Structure formats: structure tokens, C-alpha cells
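A.B. asks: Structure file start.cif (mmCIF, C-alpha atoms and all ligand atoms) is given on the next line.
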data_start
#
loop_
_atom_site.label_atom_id
_atom_site.label_comp_id
_atom_site.auth_asym_id
_atom_site.auth_seq_id
_atom_site.Cartn_x
_atom_site.Cartn_y
_atom_site.Cartn_z
CA MET A 576 117.30 100.91 82.02
CA ILE A 577 117.52 98.67 78.95
CA PRO A 578 117.57 95.04 80.02
CA LEU A 579 120.32 92.77 78.76
CA ASN A 580 117.81 90.90 76.61
CA GLY A 581 117.23 94.05 74.58
CA GLY A 582 113.78 94.63 75.99
CA ASP A 583 112.37 91.30 74.81
CA LEU A 584 110.22 90.27 77.75
CA HIS A 585 109.23 86.96 76.18
CA ILE A 586 112.36 84.85 76.51
CA PRO A 587 111.08 81.44 77.74
CA TRP A 588 111.63 80.99 81.44
CA GLN A 589 113.80 77.91 80.97
CA LYS A 590 116.18 79.94 78.83
CA GLU A 591 116.32 82.62 81.48
CA LEU A 592 117.22 79.94 84.01
CA ALA A 593 120.04 78.70 81.82
CA ARG A 594 121.60 82.16 81.43
CA ALA A 595 121.43 83.21 85.09
CA PHE A 596 124.50 84.78 86.67
CA THR A 597 126.41 82.17 88.68
CA THR A 598 129.47 84.12 89.74
CA PRO A 599 129.61 87.38 91.70
CA GLU A 600 132.14 88.79 89.25
CA GLN A 601 129.69 88.43 86.32
CA LEU A 602 126.91 90.13 88.23
CA LEU A 603 129.06 92.95 89.60
CA ASP A 604 130.45 93.60 86.15
CA TYR A 605 126.93 93.71 84.71
CA LEU A 606 125.97 96.26 87.36
CA GLY A 607 129.06 98.38 86.69
CA LEU A 608 130.55 97.64 90.11
CA ASP A 609 134.19 96.94 90.92
CA ALA A 610 134.58 93.44 92.41
CA ALA A 611 137.73 94.35 94.38
CA PRO A 612 136.01 95.63 97.55
CA TRP A 613 133.96 92.43 97.72
CA GLN A 614 136.87 90.05 97.22
CA ALA A 615 136.90 88.75 100.82
CA GLY A 616 133.32 87.60 100.53
CA LEU A 617 133.11 86.24 97.04
CA ALA A 618 134.37 82.84 98.17
CA ALA A 619 131.17 82.49 100.21
CA ARG A 620 129.52 81.14 97.09
CA ARG A 621 131.29 77.91 97.93
CA LEU A 622 129.13 77.73 101.07
CA PHE A 623 125.98 78.18 99.00
CA ALA A 624 126.06 78.49 95.23
CA MET A 625 125.21 81.82 93.65
CA ARG A 626 122.41 82.01 91.11
CA VAL A 627 120.74 85.22 89.93
CA PRO A 628 118.47 85.29 86.86
CA ARG A 629 118.94 88.28 84.60
CA PRO A 630 115.39 89.64 84.87
CA PHE A 631 116.05 90.01 88.62
CA ALA A 632 119.42 91.67 88.01
CA ASP A 633 117.66 94.06 85.62
CA LYS A 634 115.66 95.38 88.57
CA MET A 635 118.83 96.34 90.47
CA GLU A 636 120.15 99.88 90.29
CA LYS A 637 123.35 99.96 88.27
CA GLY A 638 126.36 101.28 90.15
CA ASN A 639 124.67 100.98 93.56
CA PRO A 640 126.61 98.62 95.85
CA GLN A 641 123.87 98.94 98.48
CA ASP A 642 121.02 97.98 96.18
CA PRO A 643 118.46 96.07 98.29
CA LEU A 644 118.05 93.36 95.65
CA LEU A 645 121.79 92.91 95.20
CA ARG A 646 122.22 92.50 98.94
CA GLN A 647 119.87 89.51 98.93
CA VAL A 648 122.00 87.54 96.48
CA LEU A 649 125.63 88.64 96.72
CA PRO A 650 127.92 86.33 98.76
CA LEU A 651 129.57 88.24 101.60
CA ALA A 652 132.42 87.53 104.04
CA GLU A 653 129.88 87.68 106.90
CA GLU A 654 128.57 84.27 105.80
CA PHE A 655 131.69 82.67 107.27
CA ALA A 656 130.90 83.99 110.75
CA GLU A 657 129.91 81.37 113.30
CA VAL A 658 127.23 82.98 115.42
CA PRO A 659 125.72 81.21 118.44
CA GLY A 660 122.14 80.17 117.79
CA PHE A 661 122.51 80.12 114.00
CA VAL A 662 122.43 76.49 112.84
CA THR A 663 122.21 74.47 109.63
CA ASP A 664 118.60 73.27 110.12
CA PRO A 665 116.83 76.02 112.10
CA LEU A 666 113.36 74.56 111.55
CA ASP A 667 114.34 70.95 112.15
CA GLU A 668 112.96 69.94 108.75
CA HIS A 669 115.36 67.16 107.96
CA ASP A 670 112.90 64.61 109.31
CA SER A 671 110.12 64.13 106.79
CA ALA A 672 107.12 61.77 106.68
CA LEU A 673 108.39 60.43 103.34
CA PRO A 674 111.10 61.68 101.02
CA GLY A 675 109.75 64.99 99.76
CA LEU A 676 106.77 65.16 102.12
CA LEU A 677 106.62 67.19 105.34
CA HIS A 678 103.52 66.77 107.51
CA LYS A 679 104.07 69.24 110.30
CA TYR A 680 100.66 70.93 110.35
CA ARG A 681 97.61 68.69 110.93
CA SER A 682 95.54 69.69 107.89
CA ARG A 683 98.34 70.62 105.50
CA VAL A 684 101.27 68.85 103.95
CA LEU A 685 104.28 70.30 102.23
CA LEU A 686 105.28 68.49 99.07
CA VAL A 687 108.81 69.22 97.88
CA LEU A 688 108.19 69.12 94.16
CA ARG A 689 111.62 70.21 93.08
CA GLY A 690 114.84 70.80 94.98
CA GLY A 691 116.68 73.93 93.97
CA CYS A 692 115.51 77.38 93.03
CA ALA A 693 115.86 79.86 90.21
CA ILE A 694 117.62 82.22 92.59
CA ASN A 695 119.68 81.50 95.65
CA CYS A 696 118.83 83.92 98.44
CA ARG A 697 121.73 84.26 100.84
CA TYR A 698 119.41 84.30 103.90
CA CYS A 699 117.58 81.11 102.86
CA PHE A 700 116.72 78.82 105.77
CA ARG A 701 117.16 75.88 103.44
CA ARG A 702 120.65 76.80 102.27
CA HIS A 703 121.96 73.62 103.92
CA PHE A 704 118.94 71.44 103.07
CA PRO A 705 119.77 68.03 101.53
CA TYR A 706 117.47 68.33 98.55
CA ALA A 707 119.01 65.34 96.83
CA ASP A 708 117.69 63.11 99.65
CA ASN A 709 114.33 64.79 99.98
CA SER A 710 113.09 65.59 96.51
CA PRO A 711 110.96 62.75 95.11
CA GLY A 712 111.83 63.78 91.56
CA MET A 713 109.37 64.14 88.71
CA GLY A 714 106.80 61.39 88.72
CA GLY A 715 108.25 59.93 91.93
CA TRP A 716 105.52 61.50 94.04
CA GLN A 717 103.18 58.46 94.09
CA PRO A 718 104.07 57.48 97.70
CA ALA A 719 103.34 61.06 98.75
CA VAL A 720 100.01 61.06 96.90
CA ASP A 721 99.11 57.73 98.55
CA TYR A 722 100.02 59.17 101.96
CA ILE A 723 97.78 62.19 101.38
CA ALA A 724 94.93 59.96 100.18
CA GLY A 725 95.26 57.90 103.37
CA HIS A 726 95.04 60.92 105.70
CA PRO A 727 91.55 62.46 105.53
CA GLU A 728 92.56 65.23 107.94
CA ILE A 729 94.66 66.78 105.17
CA ASN A 730 92.70 69.37 103.19
CA GLU A 731 95.50 71.38 101.64
CA VAL A 732 98.65 70.51 99.74
CA ILE A 733 101.41 73.07 99.65
CA LEU A 734 103.83 72.68 96.78
CA SER A 735 107.17 73.79 98.02
CA GLY A 736 110.81 73.27 97.30
CA GLY A 737 113.26 74.49 96.49
CA ASP A 738 110.86 76.16 94.17
CA PRO A 739 107.96 74.06 92.86
CA LEU A 740 107.59 76.19 89.74
CA MET A 741 110.96 74.84 88.60
CA ALA A 742 108.80 71.90 87.48
CA LYS A 743 107.39 72.08 83.97
CA ASP A 744 103.73 72.97 83.47
CA GLU A 745 102.95 69.44 82.20
CA HIS A 746 104.36 67.88 85.34
CA ILE A 747 102.42 70.20 87.61
CA ALA A 748 99.27 69.46 85.60
CA ARG A 749 99.83 65.69 86.01
CA LEU A 750 100.28 66.04 89.75
CA LEU A 751 97.17 68.20 89.89
CA ASP A 752 95.20 65.44 88.13
CA GLU A 753 96.21 63.06 90.92
CA LEU A 754 95.50 65.49 93.75
CA GLU A 755 92.10 66.47 92.36
CA SER A 756 91.02 62.83 92.64
CA ILE A 757 91.52 62.87 96.43
CA PRO A 758 88.10 63.91 97.74
CA HIS A 759 89.18 65.43 101.07
CA LEU A 760 91.56 67.93 99.45
CA ARG A 761 90.17 71.45 99.08
CA ARG A 762 93.09 73.72 98.30
CA LEU A 763 96.34 73.72 96.42
CA ARG A 764 98.89 76.24 97.50
CA ILE A 765 102.07 77.00 95.59
CA HIS A 766 104.93 78.76 97.32
CA SER A 767 107.23 80.26 94.73
CA ARG A 768 109.73 83.04 94.21
CA LEU A 769 110.34 82.08 90.60
CA PRO A 770 107.80 84.49 89.04
CA VAL A 771 109.44 87.33 90.95
CA VAL A 772 112.84 86.62 89.49
CA ILE A 773 111.62 85.43 86.05
CA PRO A 774 108.14 86.87 85.38
CA ALA A 775 107.80 84.78 82.21
CA ARG A 776 107.29 81.77 84.52
CA LEU A 777 103.69 82.95 84.90
CA THR A 778 102.62 81.12 81.76
CA ASN A 779 99.09 81.26 80.43
CA GLY A 780 98.99 77.46 80.32
CA LEU A 781 99.67 77.06 84.02
CA ARG A 782 97.30 79.89 84.90
CA ASP A 783 94.47 78.30 82.92
CA ARG A 784 95.08 74.82 84.38
CA LEU A 785 95.03 76.17 87.93
CA ALA A 786 91.99 78.33 87.27
CA GLN A 787 89.94 75.36 86.11
CA SER A 788 90.96 73.07 89.00
CA ARG A 789 88.35 71.95 91.53
CA LEU A 790 91.00 72.72 94.17
CA ARG A 791 91.08 76.41 95.12
CA PRO A 792 94.47 77.65 93.89
CA VAL A 793 96.61 79.98 95.97
CA LEU A 794 99.95 81.33 94.83
CA VAL A 795 102.13 82.62 97.64
CA LEU A 796 104.93 84.77 96.32
CA HIS A 797 108.09 85.81 98.07
CA VAL A 798 108.83 89.48 97.51
CA ASN A 799 110.96 91.43 99.96
CA HIS A 800 111.20 94.85 98.33
CA ALA A 801 108.94 96.96 96.12
CA ASN A 802 111.67 97.17 93.45
CA GLU A 803 111.20 93.45 92.79
CA ILE A 804 107.80 94.16 91.20
CA ASP A 805 108.37 95.74 87.81
CA ASP A 806 105.58 96.50 85.35
CA ASP A 807 105.97 93.17 83.55
CA LEU A 808 105.50 91.19 86.74
CA ALA A 809 102.64 93.41 87.92
CA THR A 810 100.75 92.96 84.64
CA ARG A 811 101.16 89.18 84.70
CA LEU A 812 100.08 88.94 88.33
CA GLN A 813 96.99 91.03 87.67
CA ARG A 814 96.02 88.55 84.93
CA TRP A 815 96.44 85.62 87.31
CA GLN A 816 94.34 87.34 89.93
CA ARG A 817 91.60 88.06 87.40
CA ALA A 818 91.62 84.35 86.51
CA GLY A 819 90.58 83.58 90.09
CA ILE A 820 93.91 82.62 91.62
CA THR A 821 94.39 84.01 95.11
CA LEU A 822 97.71 85.85 95.33
CA LEU A 823 99.46 86.35 98.63
CA ASN A 824 102.95 87.42 99.58
CA GLN A 825 105.35 86.56 102.31
CA SER A 826 108.51 88.50 102.95
CA VAL A 827 111.47 88.11 105.22
CA LEU A 828 112.53 91.07 107.33
CA LEU A 829 116.14 91.61 106.30
CA ALA A 830 118.69 94.08 107.62
CA GLY A 831 119.87 96.37 104.86
CA VAL A 832 117.08 95.30 102.52
CA ASN A 833 113.67 96.20 103.92
CA ASP A 834 114.16 97.03 107.61
CA ASP A 835 112.65 100.48 107.46
CA ALA A 836 109.06 101.64 107.47
CA ASP A 837 109.29 103.41 104.10
CA ALA A 838 110.47 100.24 102.37
CA LEU A 839 107.81 98.07 104.01
CA GLU A 840 105.06 100.57 103.25
CA ALA A 841 106.13 100.79 99.60
CA LEU A 842 106.20 97.00 99.40
CA SER A 843 102.62 96.60 100.67
CA GLU A 844 101.34 99.32 98.32
CA ARG A 845 103.15 97.88 95.31
CA LEU A 846 101.92 94.36 96.09
CA PHE A 847 98.33 95.53 96.25
CA ASP A 848 98.68 97.42 92.95
CA ALA A 849 99.76 94.09 91.42
CA GLY A 850 96.77 92.22 92.89
CA VAL A 851 98.70 90.60 95.76
CA LEU A 852 97.86 90.78 99.46
CA PRO A 853 100.65 91.00 102.04
CA TYR A 854 100.41 87.89 104.21
CA TYR A 855 103.43 87.29 106.41
CA LEU A 856 106.52 89.26 107.32
CA HIS A 857 108.88 86.64 108.69
CA GLN A 858 111.54 87.15 111.22
CA LEU A 859 114.70 85.57 109.83
CA ASP A 860 115.15 81.87 110.49
CA LYS A 861 118.42 81.51 112.33
CA VAL A 862 120.34 79.68 109.67
CA ALA A 863 124.12 79.50 109.76
CA GLY A 864 125.65 82.06 107.40
CA ALA A 865 122.80 84.57 107.53
CA ALA A 866 123.21 86.27 110.91
CA HIS A 867 124.08 89.58 109.25
CA PHE A 868 120.50 89.80 107.96
CA ALA A 869 118.95 89.54 111.44
CA VAL A 870 116.72 92.31 112.82
CA SER A 871 115.90 92.29 116.54
CA ASP A 872 112.33 91.52 117.64
CA GLU A 873 112.20 94.89 119.35
CA ARG A 874 113.03 96.72 116.14
CA ALA A 875 110.69 94.50 114.12
CA ARG A 876 107.80 95.38 116.45
CA ALA A 877 108.67 99.07 116.27
CA LEU A 878 108.56 98.88 112.47
CA MET A 879 105.15 97.22 112.61
CA ALA A 880 103.87 99.99 114.88
CA GLN A 881 105.05 102.58 112.35
CA LEU A 882 103.40 100.67 109.52
CA LEU A 883 100.14 100.40 111.41
CA ALA A 884 99.93 104.18 111.46
CA ARG A 885 100.41 104.35 107.70
CA LEU A 886 98.58 101.40 106.15
CA PRO A 887 95.03 100.07 106.22
CA GLY A 888 94.70 96.79 108.09
CA PHE A 889 94.38 94.68 104.95
CA LEU A 890 97.82 95.80 103.80
CA MET A 891 99.48 94.86 107.10
CA PRO A 892 101.42 91.59 106.96
CA ARG A 893 101.52 89.50 110.13
CA LEU A 894 104.90 89.59 111.79
CA VAL A 895 105.75 85.96 112.57
CA ARG A 896 108.55 83.61 113.41
CA GLU A 897 108.73 79.94 112.62
CA ILE A 898 109.93 77.81 115.47
CA GLY A 899 110.98 74.24 114.77
CA GLY A 900 108.49 71.75 116.26
CA GLU A 901 105.69 74.34 116.77
CA VAL A 902 102.35 73.51 115.14
CA SER A 903 101.97 76.97 113.61
CA LYS A 904 103.91 80.15 113.02
CA THR A 905 104.31 82.28 116.14
CA PRO A 906 102.88 85.81 115.77
CA LEU A 907 105.08 88.54 117.23
CA ASP A 908 102.60 91.36 116.82
CA LEU A 909 99.78 90.18 119.07
CA SER A 910 99.44 93.58 120.69
CA LEU A 911 99.20 95.25 117.29
CA GLU A 912 96.04 93.84 115.78
CA PRO A 913 95.23 95.81 112.62
CA SER A 914 91.86 97.53 112.35
S1 LIG A 1001 113.65 81.21 96.58
FE1 LIG A 1001 113.05 80.64 98.68
S2 LIG A 1001 113.73 78.52 98.96
FE2 LIG A 1001 114.81 79.36 97.15
S3 LIG A 1001 116.73 80.18 97.91
FE3 LIG A 1001 115.27 81.88 97.94
S4 LIG A 1001 114.40 81.83 100.00
FE4 LIG A 1001 115.37 79.86 99.66
#
Can you give me the file's structure in the form of C-alpha cells?

C.D. replies:
Amino acid sequence: MIPLNGGDLHIPWQKELARAFTTPEQLLDYLGLDAAPWQAGLAARRLFAMRVPRPFADKMEKGNPQDPLLRQVLPLAEEFAEVPGFVTDPLDEHDSALPGLLHKYRSRVLLVLRGGCAINCRYCFRRHFPYADNSPGMGGWQPAVDYIAGHPEINEVILSGGDPLMAKDEHIARLLDELESIPHLRRLRIHSRLPVVIPARLTNGLRDRLAQSRLRPVLVLHVNHANEIDDDLATRLQRWQRAGITLLNQSVLLAGVNDDADALEALSERLFDAGVLPYYLHQLDKVAGAAHFAVSDERARALMAQLLARLPGFLMPRLVREIGGEVSKTPLDLSLEPS
């Protein structure tokens, strides 16, 4: 498939952001799909805006209405369903220590570097999150840095969002300067889906800055399907891994996307080829508007049992659920310890 950018894989990531698809009609047209059958659902983008960068759309199969990547981003009528148990803040995150800072695990804090993402995933547990109230904004992180400096039990800062890689490299480098001066910090973790949807976000400048930090850098990606890792992304990730950056992945188990053993096996294999270790497979957070993505715990466990028979232990993600107020993720596969 020839990408819309004519095969030029070096369009700057900010430009890719600016030319992302923001209406379902544009995306469906690009994929050669008739929008008419989807009409009832297209209004769901008013519940949660649609945003799909073109490099991600380029990984979708043209003419396939069931494409697993398309399903993650296309607004559907099911989002209007009110389903008991599915709420706007499933993890009870609206209470933060400071604007932009969540301190829910003893030794780790979550710093919301930037609200908003390069892509809007329809199943996102933060689709109702009030980023405007909780993002400190660029340079407005000093209270958060002071808080971290005053809590010696914190040894790891997790840059989160939205997507923290929406911040420019210079801003991340400035924050890193501040964090590196806090002696009790040992690790910097970045949770981002941006490189998956715009591989050019993996810039050499950011890689080199992270690689030379005294804080051990960890990049946790969010890939749900093997088709999300094309050769461009794989090559860039391999370079980051060779630079000494630990690469992990967390996925969400999603009905109609990756809820079969073949898809999950292919995902783990493809991740490892790209230098990334599978880390968590999350059960869906019960966020309003996403119930149609839910997979039962029974089926999730059955899938893990199938995977265990196919994959070596180090390619088995942990099946977990996040429960608001709990001090850690809750494993669902305790009886299935990998070898
Ligand atoms: S990239 Fe992550 S935070 Fe952003 S919309 Fe997708 S799931 Fe949500």
C-alpha cells in the first residue's frame, strides 16, 4: 500500500499531527469505505472527538470495515448506550495531589505532562477526563517537581497524559534536567502511544537525551494489534532499544480487535521482533461509551491459557485490571504463572 504521503516517512511528527483525520467521513473515504452504513454512529464523535493520524490509517486494510485498527478509532452508535457499571471516571482519578500530579502508588507518581493525545481511542478510560483542569501546562510543573522533591519515598516518575510525547523534545529535556537533580529518583517512565501512531515521534534527539540521563529510562508503548507495528516503527524502536532504553508494551483486551489467541500471539511475537517486551494485557476499564469493547474475565482467562501453550513465558503479558483506589493493578491470571 502506498501511504498518502507518497512514501516519505520523514514528515515531522508535528506536521503529521496537524493533518490527522478528524471526521469519520474523511477516514472512511480514505479507506475506500462507504460512510452510509455507519451513519447512526458517526455522531458519537461529539461524545469524544475523533483524531486519527495518517501513518496509523496507512496501517489499516483498505476496504475492510472490520479492520482491527479502524475499530479502535471509529465512532459507533454503541457509544450512546448506557450500560450499568460503565461510568465517566472508572479509576476515580479526578482527585489529584496537585493539578497534573497523581500519587496513587507509594513509590511512583504520575505526572500529566500534556492533556490530549495524537489519537483518540474510543475505549479510552480517560475519554471524559478534564484535562484542562489537570494539565499543568508547559513549564507549569514546578509545584509537581517540588512535591516529588519533598517525598523521598518516590523513586520513579511516570510521564503520562494524555500523551506526554505531545510535548516538544526541548520541554521534556528541561523537565528531565529538573528531575535528575532530585537524588531519590531512580527511573523515568514514559507512557505513550504517539510513536505507534506517528513513528517519526521517535526522534534521535529525544532518544539521545534519554539515553544519557542518570535516570533509567523506560518507554511503555500501547500497541493492541500486530498490524500497528510496521517496518518503520520496528526499525525506530530497535534503535531506541540499542541505545539502552527499556521498551515495554501494554495492551487493552478489546472485543473485535485482539480478543483471539492468534491475534495476541502475533502481537507478542511482533513486539519482540521490534525490541519490545509484552508487559500488561489490561481488561477494559469500565468507562461510559466503551461497553461494546468489553471481554468477559472468563474469556480473557481462557485466551491466556491458550497463549501460555504457544508462547515462552517472557512473551506472556500479565492479564490485569485496574480498580480505582487499589494500590496496584489486580492480576487476573494468578493460576497461570508463566514458566
Ligand atoms: S492514546 Fe491512550 S490516553 Fe490517549 S486516547 Fe488512546 S488510550 Fe486514551

A.B. asks: What's the 12 Å shell around Gly819 in chain A, counting all atoms listed in the file, without same-chain residues fewer than 5 positions away, as a list in words?

C.D. replies: Arg782, Asp783, Arg784, Leu785, Ala786, Gln787, Ser788, Arg789, Leu790, Arg791, Pro792, Val793, Leu794, Leu812, Gln813, Arg814 and Gly850 of chain A

A.B. asks: Work out how far CA of Ser826 in chain A is from atom S1 of ligand LIG 1001 (chain A), in Å to one decimal.

C.D. replies: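 Computing the Euclidean distance for atom S1 of ligand LIG 1001 (chain A) and CA of Ser826 in chain A yields 11.0 Å.
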
A.B. asks: Could you please give me, as a PyMOL selection string, the residues of protein, DNA or RNA lying at most 12 Å from (121.9, 84.5, 91.1) in the coordinate frame of the file, considering only C-alpha atoms?

C.D. replies: chain A and resi 591-603+620+623-633+644-650+692-697+769+772-773

A.B. asks: Tell me, as a list of chain:residue names, which residues lie within 12 Å of His726 in chain A, counting only C-alpha atoms; anything in the same chain fewer than 6 positions away does not count.

C.D. replies: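 Returned residues: A:His678, A:Arg681, A:Ser682, A:Arg683, A:Val684, A:Ala719, A:Val720, A:Val732, A:Ile757, A:Pro758, A:His759, A:Leu760.
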
A.B. asks: With all atoms listed in the file as the basis for distance, which of A:Gln881, A:Asn802, A:Ser767, A:Gln858 is at the shortest distance from Leu894 in chain A?

C.D. replies: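 The closest residue to Leu894 in chain A is A:Gln858.
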
A.B. asks: Just want the 6 Å neighbourhood of Ala615 in chain A, counted on all atoms listed in the file, with same-chain residues fewer than 2 positions away dropped. Output as a ChimeraX atom specification.

C.D. replies: /A:613,617,652

A.B. asks: Could you check the closest approach to ligand LIG 1001 (chain A) for each of A:Leu740, A:Ala866, A:Ala849, A:Ala830 and tell me which residue wins, using only C-alpha atoms and all ligand atoms?

C.D. replies: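 Ranking A:Leu740, A:Ala866, A:Ala849, A:Ala830 by distance to ligand LIG 1001 (chain A), first place goes to A:Leu740.
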
A.B. asks: Put the listed atoms of ligand LIG 1001 (chain A) in a box along x, y and z with 8 Å added on every side and give me the centre and edge lengths in Å to one decimal, as JSON.

C.D. replies:
{"center_x": 114.9, "center_y": 80.2, "center_z": 98.3, "size_x": 19.7, "size_y": 19.4, "size_z": 19.4}

A.B. asks: Could you jot down the CA of Leu886 in chain A to CA of His857 in chain A separation for me, Å, one decimal place?

C.D. replies: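 Those two atoms sit 18.2 Å apart.
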
A.B. asks: With distances taken over all atoms listed in the file, which residue among A:Thr778, A:Thr821, A:Gln717, A:Asn799 lies nearest Arg764 in chain A?

C.D. replies: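 Looking only at the distances to Arg764 in chain A, the closest residue turns out to be A:Thr821.
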
A.B. asks: Contacts of Ser903 in chain A at 9 Å or less, counting only C-alpha atoms, minus same-chain residues fewer than 3 places along, as a ChimeraX atom specification?

C.D. replies: /A:679-680,897-898,900

A.B. asks: May I ask which of the residues A:Leu734, A:Leu829, A:Leu651, A:Leu890 is the closest one to Val870 in chain A, counting only C-alpha atoms?

C.D. replies: A:Leu829

A.B. asks: State, in Å with one decimal place, the distance from CA of His746 in chain A to CA of Leu686 in chain A.

C.D. replies: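 Interatomic distance here is 13.8 Å.
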
A.B. asks: With distances taken over all atoms listed in the file, which of A:Pro718, A:Pro612, A:Gly831, A:Gly690 is nearest to ligand LIG 1001 (chain A)?

C.D. replies: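 So, comparing all the options, the nearest one is A:Gly690.
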
A.B. asks: Looking at only C-alpha atoms, which of A:Val851, A:Ala877, A:Ala801, A:Leu688 is the one that sits closest to Phe889 in chain A?

C.D. replies: A:Val851

A.B. asks: Please provide the set of residues having any atom within 9 Å of Lys861 in chain A, restricted to all atoms listed in the file, with same-chain residues fewer than 2 positions apart removed, written as number ranges by chain.

C.D. replies: A: 660-666, 698, 700, 858-859, 863-866, 869
